[in-house]
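Chemist: My structure is stored as coords.txt, with compact mmCIF, C-alpha atoms.
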```txt
# COMPACT_ATOMS: atom_id res chain seq x y z
CA MET P 1 7.07 -3.21 -26.45
CA PHE P 2 10.66 -3.18 -27.79
CA GLY P 3 9.36 -5.08 -30.82
CA VAL P 4 7.92 -7.92 -28.69
CA LYS P 5 4.25 -8.80 -29.05
CA ILE P 6 2.35 -11.00 -26.59
CA ASP P 7 -0.19 -13.45 -28.02
CA LEU P 8 -2.68 -13.53 -25.15
CA GLU P 9 -4.56 -16.56 -26.46
CA ALA P 10 -1.33 -18.57 -26.77
CA LEU P 11 -0.26 -17.36 -23.34
CA ARG P 12 -3.58 -18.53 -21.88
CA ASN P 13 -3.21 -21.96 -23.47
CA ASP P 14 0.42 -22.33 -22.34
CA SER P 15 -0.09 -20.90 -18.84
CA PRO P 16 0.01 -24.25 -16.97
CA SER P 17 3.57 -24.87 -18.18
CA ILE P 18 4.70 -21.22 -17.97
CA THR P 19 3.73 -20.84 -14.32
CA SER P 20 6.21 -23.48 -13.14
CA PHE P 21 9.61 -22.03 -12.29
CA GLN P 22 11.22 -23.94 -15.17
CA GLY P 23 8.48 -22.77 -17.52
CA ILE P 24 8.84 -19.12 -16.58
CA LEU P 25 12.62 -19.35 -16.97
CA ASP P 26 12.22 -20.75 -20.49
CA PHE P 27 9.67 -18.05 -21.27
CA LEU P 28 11.94 -15.25 -19.98
CA ARG P 29 15.00 -16.69 -21.73
CA GLU P 30 13.14 -16.75 -25.04
CA THR P 31 11.92 -13.19 -24.45
CA LEU P 32 15.49 -12.02 -23.87
CA ASP P 33 16.75 -13.84 -26.98
CA ARG P 34 14.14 -11.98 -29.07
CA THR P 35 15.31 -8.61 -27.77
CA ARG P 36 19.10 -8.97 -27.87
CA ASP P 37 19.25 -7.20 -31.25
CA LEU P 38 17.85 -4.14 -29.43
CA GLY P 39 20.78 -4.11 -27.04
CA ILE P 40 18.81 -5.50 -24.08
CA LYS P 41 21.16 -7.56 -21.90
CA GLY P 42 18.95 -8.63 -18.99
CA LEU P 43 15.44 -8.61 -17.54
CA PHE P 44 13.96 -6.87 -14.51
CA LEU P 45 10.96 -8.78 -13.17
CA THR P 46 8.74 -7.21 -10.51
CA PHE P 47 6.15 -9.01 -8.40
CA ASP P 48 3.91 -6.26 -7.06
CA GLU P 49 0.97 -6.54 -4.61
CA ILE P 50 2.08 -9.92 -3.21
CA ASN P 51 -0.26 -9.66 -0.19
CA GLY P 52 -2.57 -12.39 -1.42
CA ILE P 53 0.10 -14.98 -2.23
CA ALA P 54 2.96 -14.30 0.20
CA SER P 55 1.48 -16.66 2.79
CA GLN P 56 1.08 -19.55 0.34
CA PRO P 57 3.84 -22.22 0.55
CA GLU P 58 3.56 -22.79 -3.23
CA PHE P 59 4.68 -19.21 -3.92
CA ALA P 60 7.73 -19.55 -1.68
CA SER P 61 8.64 -22.83 -3.41
CA PHE P 62 8.19 -21.19 -6.80
CA LEU P 63 10.56 -18.33 -5.90
CA LYS P 64 13.24 -20.63 -4.47
CA GLY P 65 12.98 -22.96 -7.44
CA LEU P 66 13.23 -20.05 -9.88
CA VAL P 67 16.39 -18.67 -8.26
CA ASP P 68 18.06 -22.07 -7.72
CA GLN P 69 17.27 -23.40 -11.18
CA ASN P 70 18.62 -20.25 -12.82
CA ALA P 71 21.80 -20.32 -10.73
CA LEU P 72 22.49 -23.97 -11.63
CA SER P 73 21.85 -23.63 -15.37
CA ARG P 74 24.77 -23.57 -17.82
CA SER P 75 23.90 -20.06 -18.98
CA PRO P 76 22.12 -18.25 -16.12
CA LEU P 77 19.56 -15.68 -17.21
CA PRO P 78 20.62 -12.10 -16.28
CA LEU P 79 17.58 -11.51 -14.07
CA LEU P 80 16.85 -8.91 -11.42
CA LEU P 81 13.89 -10.11 -9.36
CA MET P 82 12.06 -7.65 -7.09
CA LEU P 83 9.24 -8.42 -4.65
CA CYS P 84 7.15 -5.47 -3.44
CA GLY P 85 5.53 -5.78 -0.03
CA THR P 86 5.62 -4.91 3.64
CA GLU P 87 7.86 -6.48 6.26
CA ASP P 88 4.98 -8.77 7.30
CA ARG P 89 4.92 -10.29 3.82
CA ARG P 90 8.67 -10.96 3.96
CA VAL P 91 8.22 -12.76 7.29
CA GLU P 92 5.48 -14.91 5.76
CA LEU P 93 7.72 -15.86 2.83
CA ILE P 94 10.64 -16.80 5.08
CA LYS P 95 8.31 -18.83 7.31
CA ASN P 96 7.43 -20.97 4.28
CA SER P 97 11.01 -21.14 2.96
CA GLU P 98 13.89 -20.03 5.20
CA PRO P 99 16.44 -19.70 2.33
CA LEU P 100 14.41 -16.82 0.88
CA GLY P 101 15.66 -14.70 3.76
CA ARG P 102 19.20 -15.08 2.40
CA ILE P 103 18.36 -14.85 -1.29
CA PHE P 104 16.85 -11.37 -1.29
CA ASP P 105 18.42 -8.08 -0.22
CA VAL P 106 16.08 -5.88 1.82
CA ILE P 107 15.67 -2.36 0.44
CA THR P 108 13.48 -0.05 2.51
CA ILE P 109 11.54 2.55 0.52
CA ASN P 110 10.66 5.41 2.85
CA PRO P 111 7.68 7.77 2.29
CA MET P 112 8.47 10.90 0.30
CA THR P 113 9.74 13.93 2.22
CA SER P 114 7.76 17.18 2.52
CA SER P 115 10.00 18.91 -0.02
CA GLU P 116 9.59 16.01 -2.48
CA MET P 117 5.81 16.13 -2.10
CA GLU P 118 5.73 19.91 -2.54
CA ASP P 119 7.83 19.58 -5.68
CA PHE P 120 5.45 16.92 -7.02
CA PHE P 121 2.30 19.00 -6.46
CA GLN P 122 3.82 22.20 -7.85
CA LYS P 123 5.05 20.46 -11.00
CA ALA P 124 1.84 18.46 -11.48
CA PHE P 125 -0.44 21.50 -11.20
CA GLY P 126 2.07 23.64 -13.11
CA MET P 127 1.66 21.37 -16.13
CA SER P 128 -1.97 22.59 -16.26
CA GLN P 129 -0.95 26.23 -15.69
CA MET P 130 -2.28 26.07 -12.12
CA THR P 131 -0.61 27.43 -9.00
CA VAL P 132 -0.81 26.17 -5.40
CA GLU P 133 -0.97 28.55 -2.43
CA LYS P 134 1.40 27.86 0.46
CA ASN P 135 -1.33 26.92 2.99
CA ALA P 136 -2.98 24.60 0.46
CA LEU P 137 0.35 22.95 -0.27
CA SER P 138 0.86 22.37 3.45
CA THR P 139 -2.58 20.71 3.75
CA LEU P 140 -2.02 18.46 0.73
CA THR P 141 1.39 17.27 1.92
CA HIS P 142 0.27 16.80 5.54
CA PHE P 143 -2.53 14.38 4.69
CA SER P 144 -0.66 12.65 1.86
CA ALA P 145 2.01 11.67 4.43
CA GLY P 146 4.53 10.81 1.73
CA PHE P 147 2.49 8.10 -0.02
CA PRO P 148 2.40 8.54 -3.82
CA LYS P 149 -0.95 6.75 -4.18
CA ILE P 150 -2.59 9.23 -1.79
CA MET P 151 -0.77 12.19 -3.39
CA GLN P 152 -2.26 11.25 -6.76
CA LEU P 153 -5.70 10.86 -5.23
CA VAL P 154 -5.80 14.22 -3.39
CA GLY P 155 -4.16 16.01 -6.32
CA ASP P 156 -6.78 14.68 -8.72
CA MET P 157 -9.60 15.74 -6.38
CA ALA P 158 -8.14 19.25 -6.02
CA TYR P 159 -7.79 19.56 -9.80
CA TRP P 160 -11.50 18.92 -10.40
CA ILE P 161 -12.69 21.01 -7.43
CA ASP P 162 -10.75 24.14 -8.46
CA ASN P 163 -12.44 26.72 -10.69
CA ASP P 164 -9.94 29.58 -10.90
CA GLN P 165 -6.57 27.91 -11.70
CA ILE P 166 -5.41 28.58 -8.12
CA ILE P 167 -5.45 25.74 -5.55
CA ASP P 168 -6.22 27.53 -2.29
CA GLU P 169 -6.84 26.31 1.27
CA LYS P 170 -10.55 25.69 0.60
CA ASP P 171 -9.83 23.64 -2.54
CA ALA P 172 -7.23 21.57 -0.67
CA SER P 173 -9.49 20.93 2.34
CA LEU P 174 -12.41 19.82 0.16
CA ALA P 175 -10.04 17.64 -1.86
CA ILE P 176 -8.78 15.96 1.31
CA ILE P 177 -12.33 15.20 2.49
CA ASP P 178 -13.38 13.84 -0.91
CA ALA P 179 -10.19 11.81 -1.15
CA ALA P 180 -10.76 10.37 2.34
CA GLU P 181 -14.27 9.33 1.28
CA ASP P 182 -12.98 7.66 -1.87
CA PHE P 183 -10.03 6.04 -0.12
CA GLY P 184 -12.24 4.88 2.75
CA LYS P 185 -14.84 3.28 0.50
CA LYS P 186 -12.17 1.41 -1.45
CA TYR P 187 -9.90 0.29 1.39
CA VAL P 188 -11.23 0.99 4.90
CA ASN P 189 -14.76 -0.30 4.32
CA ALA P 190 -13.48 -3.44 2.64
CA GLN P 191 -10.80 -4.16 5.25
CA ALA P 192 -11.95 -2.70 8.56
CA TYR P 193 -15.67 -1.97 8.69
CA LYS P 194 -16.74 -5.25 7.07
CA ALA P 195 -14.41 -7.15 9.40
CA LEU P 196 -15.89 -5.44 12.48
CA LYS P 197 -19.22 -7.24 12.45
CA SER P 198 -19.72 -6.94 16.22
CA GLU P 199 -21.77 -3.92 17.30
CA ASP P 200 -19.46 -3.53 20.30
CA TYR P 201 -16.43 -3.34 17.96
CA ARG P 202 -18.12 -0.64 15.90
CA ASN P 203 -19.00 1.33 19.01
CA ILE P 204 -15.38 1.17 20.17
CA LEU P 205 -14.25 2.48 16.78
CA LYS P 206 -16.73 5.36 17.02
CA LYS P 207 -15.38 6.35 20.42
CA ILE P 208 -11.84 6.36 19.03
CA GLY P 209 -13.07 8.24 15.96
CA LYS P 210 -14.52 11.11 18.01
CA GLN P 211 -11.02 12.38 18.67
CA GLY P 212 -9.85 15.04 16.19
CA PRO P 213 -8.73 13.79 12.73
CA ASN P 214 -5.22 15.15 13.32
CA GLN P 215 -4.77 13.04 16.44
CA MET P 216 -2.96 10.03 15.03
CA SER P 217 -2.44 8.19 18.34
CA PHE P 218 -4.38 7.37 21.49
CA GLN P 219 -3.75 5.79 24.85
CA LYS P 220 -5.47 2.48 25.53
CA SER P 221 -6.42 3.60 29.06
CA GLU P 222 -7.94 6.84 27.75
CA ILE P 223 -10.31 5.04 25.37
CA GLU P 224 -11.01 2.30 27.92
CA SER P 225 -12.45 4.92 30.30
CA LEU P 226 -15.12 5.72 27.66
CA LEU P 227 -16.26 2.12 27.15
CA THR P 228 -19.10 0.16 28.67
CA GLU P 229 -18.28 -2.94 30.71
CA GLN P 230 -19.19 -5.18 27.78
CA GLU P 231 -17.03 -3.16 25.38
CA LYS P 232 -14.09 -3.28 27.80
CA LYS P 233 -14.14 -7.08 27.66
CA LYS P 234 -13.76 -6.94 23.88
CA PHE P 235 -11.31 -4.03 23.69
CA HIS P 236 -8.16 -6.17 23.64
CA ASN P 237 -9.48 -8.36 20.84
CA PHE P 238 -10.56 -5.23 18.95
CA LEU P 239 -7.02 -3.80 19.10
CA GLN P 240 -5.51 -7.09 17.93
CA LYS P 241 -7.91 -7.21 15.00
CA MET P 242 -7.13 -3.61 14.00
CA LYS P 243 -3.40 -4.41 14.13
CA LYS P 244 -3.95 -7.44 11.91
CA LEU P 245 -5.90 -5.27 9.44
CA ASN P 246 -2.97 -2.77 9.38
CA VAL P 247 -5.22 0.04 10.64
CA LEU P 248 -3.31 0.44 13.93
CA ARG P 249 0.19 -0.28 15.18
CA PRO P 250 1.70 -0.10 18.70
CA GLY P 251 3.26 3.28 19.51
CA ASP P 252 6.58 4.03 21.16
CA ASN P 253 5.01 4.51 24.60
CA ARG P 254 3.40 1.83 26.73
CA GLY P 255 -0.32 1.48 25.97
CA GLU P 256 -0.10 3.76 22.92
CA TYR P 257 -1.62 2.92 19.53
CA VAL P 258 -1.06 4.81 16.28
CA PHE P 259 -3.04 4.93 13.03
CA ASN P 260 -0.92 3.82 10.07
CA LEU P 261 -2.44 6.29 7.57
CA ARG P 262 -3.81 9.81 8.02
CA MET P 263 -6.47 9.18 5.36
CA VAL P 264 -7.77 6.19 7.31
CA ARG P 265 -7.86 8.30 10.47
CA LEU P 266 -9.73 11.08 8.65
CA TYR P 267 -12.24 8.68 7.13
CA ILE P 268 -13.04 7.09 10.50
CA TRP P 269 -13.54 10.58 11.96
CA LEU P 270 -15.88 11.53 9.09
CA GLN P 271 -17.92 8.35 9.56
CA THR P 272 -18.13 9.02 13.30
CA ILE P 273 -19.37 12.61 13.06
CA ARG P 274 -21.95 11.56 10.44
CA ALA P 275 -23.25 8.85 12.76
```
Can the structure in the file be given as structure tokens, please?
Modeler:
Amino acid sequence: MFGVKIDLEALRNDSPSITSFQGILDFLRETLDRTRDLGIKGLFLTFDEINGIASQPEFASFLKGLVDQNALSRSPLPLLLMLCGTEDRRVELIKNSEPLGRIFDVITINPMTSSEMEDFFQKAFGMSQMTVEKNALSTLTHFSAGFPKIMQLVGDMAYWIDNDQIIDEKDASLAIIDAAEDFGKKYVNAQAYKALKSEDYRNILKKIGKQGPNQMSFQKSEIESLLTEQEKKKFHNFLQKMKKLNVLRPGDNRGEYVFNLRMVRLYIWLQTIRA
């Protein structure tokens, strides 16, 4: 890219030195020097999907060392460093190194708006000479909830389900169900269902799942009235576990809990009615 080639074998051999903050700075500085003839004046480095390493003290030390070492050098590297993660990950980083809270600016990326999602679907299907009916568009945007990853997933499902170049309500509904299955198998099963090894936990989830898939919140007392005495004893721990797994979050009202993603809510409902 831009005339730069990466020798993977050399990179593998040199990786122990490159992965130190001084090593990565030298590596990036050399990369920039090789591209200056192309008019490139700085580098933009993104660390995406930091969930697995944000809690590790070594990562926090690496980041602080990288920023400090660059700032103190005679010719600082023009570097824009971006970390992608949730607020929980930022808290973990700061816990391991307080200065990181001052080093980085916080930029909140909100979910896409309904009009932005509609524009995306219309343009995406339009590129294949396909049209989207108004009701179908409403269904696709409702369940995508502004998340590009889910928009791509449901759009792809709808594309392959359709057989007349018109995405109608039936195509959209089937696409949502198929997407929920796919999304659930990849994320919900791995995170939630495998973590809920207790039969009582799974029974609690089924009782929550019986509510309609559009019902994104529930009252703790309402679900508690449906539980057995043994399940009631474990209900609090169940809720804490689901919060930790990012399936649920506390609502605005006392005793209220809300699902973080519509696709997760739909998948749990599908699993419940099958059972």
Chemist: Please determine, counting only C-alpha atoms, which residue among P:Asn51, P:Gln219, P:Gln152, P:Ser97 has the shortest atom-to-atom distance to Leu83 (chain P).
Modeler: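 Closest to Leu83 (chain P), using only C-alpha atoms: P:Asn51.
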Chemist: Can you pull out every residue within 12 Å of Lys206 (chain P), counting only C-alpha atoms, but drop anything in the same chain fewer than 2 positions away, and send it as a list in words?
Modeler: Tyr193, Leu196, Glu199, Asp200, Tyr201, Arg202, Asn203, Ile204, Ile208, Gly209, Lys210, Gln211, Gly212, Ile223, Leu226, Leu227, Glu231, Arg265, Tyr267, Ile268, Trp269, Leu270, Gln271, Thr272, Ile273, Arg274 and Ala275 of chain P
Chemist: Give me the residues near region 99-115 of chain P as a list in words, where near means some atom within 6 Å (using all atoms listed in the file) and where sequence neighbours in that chain fewer than 5 positions away do not count.
Modeler: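 Everything that qualifies: Ile94, Gly146 and Phe147 of chain P.
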Chemist: Write out as a ChimeraX atom specification each polymer residue whose atoms come within 8 Å of region 16-23 of chain P, counting all atoms listed in the file; drop sequence neighbours fewer than 6 positions from it.
Modeler: /P:62-63,65-66,69
Chemist: List as a list in words the protein and nucleic acid residues near Ser217 (chain P), meaning an atom at most 10 Å away when all atoms listed in the file are counted, but skip any in the same chain fewer than 2 places from it.
Modeler: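 Contacts, in chain order: Ile208, Gln211, Asn214, Gln215, Gln219, Lys220, Leu248, Arg249, Pro250, Gly251, Glu256, Tyr257, Val258, Phe259, Asn260 and Arg265 of chain P.
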Chemist: Could you tell me how far CA of Met117 (chain P) lies from CA of Ile166 (chain P), in Å and to one decimal?
Modeler: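 CA of Ile166 (chain P) lies 17.8 Å from CA of Met117 (chain P).
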Chemist: So how many Å separate CA of Lys185 (chain P) and CA of Cys84 (chain P), to one decimal?
Modeler: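 One can read the CA of Lys185 (chain P) to CA of Cys84 (chain P) distance as 24.0 Å.
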Chemist: One number please: CA of Leu266 (chain P) to CA of Asp48 (chain P), in Å, one decimal.
Modeler: 27.1 Å
Chemist: Between P:Lys241, P:Thr141, P:Met263, P:Glu224, which is the closest to Val188 (chain P) once you count only C-alpha atoms?
Modeler: P:Met263
Chemist: Using all atoms listed in the file, which of the listed residues (P:Ser15, P:Asn70, P:Gln165, P:Ser138) sits closest to Gly126 (chain P)?
Modeler: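 Answer, going by the shortest atom-to-atom distance: P:Gln165.
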Chemist: Contacts of Ile6 (chain P) at 12 Å or less, counting all atoms listed in the file, minus same-chain residues fewer than 6 places along, as an MDAnalysis selection string?
Modeler: chainID P and resid 12 27 31
Chemist: Name the closest residue to Leu38 (chain P) among the candidates P:Lys64, P:Gly155, P:Val4, P:Asp119; distances are taken between atoms, counting only C-alpha atoms.
Modeler: P:Val4
Chemist: Find the residue from P:Asn189, P:Val91, P:Lys207, P:Asp7 that sits nearest to Ser225 (chain P); use all atoms listed in the file when measuring.
Modeler: P:Lys207
Chemist: Identify which of the residues P:Ala195, P:Val154, P:Met127, P:Leu43 lies closest to Ala180 (chain P), counting only C-alpha atoms when measuring atom-to-atom distances.
Modeler: P:Val154
Chemist: Once you count all atoms listed in the file, which residues end up no further than 12 Å from (-10.1, 22.8, 0.5) in the file's frame, shown as a PDB file with C-alpha atoms, keeping the file's coordinate frame?
Modeler:
```pdb
ATOM      1  CA  VAL P 132      -0.810  26.170  -5.400  1.00  0.00           C
ATOM      2  CA  GLU P 133      -0.970  28.550  -2.430  1.00  0.00           C
ATOM      3  CA  ASN P 135      -1.330  26.920   2.990  1.00  0.00           C
ATOM      4  CA  ALA P 136      -2.980  24.600   0.460  1.00  0.00           C
ATOM      5  CA  LEU P 137       0.350  22.950  -0.270  1.00  0.00           C
ATOM      6  CA  SER P 138       0.860  22.370   3.450  1.00  0.00           C
ATOM      7  CA  THR P 139      -2.580  20.710   3.750  1.00  0.00           C
ATOM      8  CA  LEU P 140      -2.020  18.460   0.730  1.00  0.00           C
ATOM      9  CA  VAL P 154      -5.800  14.220  -3.390  1.00  0.00           C
ATOM     10  CA  GLY P 155      -4.160  16.010  -6.320  1.00  0.00           C
ATOM     11  CA  MET P 157      -9.600  15.740  -6.380  1.00  0.00           C
ATOM     12  CA  ALA P 158      -8.140  19.250  -6.020  1.00  0.00           C
ATOM     13  CA  TYR P 159      -7.790  19.560  -9.800  1.00  0.00           C
ATOM     14  CA  TRP P 160     -11.500  18.920 -10.400  1.00  0.00           C
ATOM     15  CA  ILE P 161     -12.690  21.010  -7.430  1.00  0.00           C
ATOM     16  CA  ASP P 162     -10.750  24.140  -8.460  1.00  0.00           C
ATOM     17  CA  ILE P 166      -5.410  28.580  -8.120  1.00  0.00           C
ATOM     18  CA  ILE P 167      -5.450  25.740  -5.550  1.00  0.00           C
ATOM     19  CA  ASP P 168      -6.220  27.530  -2.290  1.00  0.00           C
ATOM     20  CA  GLU P 169      -6.840  26.310   1.270  1.00  0.00           C
ATOM     21  CA  LYS P 170     -10.550  25.690   0.600  1.00  0.00           C
ATOM     22  CA  ASP P 171      -9.830  23.640  -2.540  1.00  0.00           C
ATOM     23  CA  ALA P 172      -7.230  21.570  -0.670  1.00  0.00           C
ATOM     24  CA  SER P 173      -9.490  20.930   2.340  1.00  0.00           C
ATOM     25  CA  LEU P 174     -12.410  19.820   0.160  1.00  0.00           C
ATOM     26  CA  ALA P 175     -10.040  17.640  -1.860  1.00  0.00           C
ATOM     27  CA  ILE P 176      -8.780  15.960   1.310  1.00  0.00           C
ATOM     28  CA  ILE P 177     -12.330  15.200   2.490  1.00  0.00           C
ATOM     29  CA  ASP P 178     -13.380  13.840  -0.910  1.00  0.00           C
ATOM     30  CA  ALA P 179     -10.190  11.810  -1.150  1.00  0.00           C
TER      31      ALA P 179
END
```
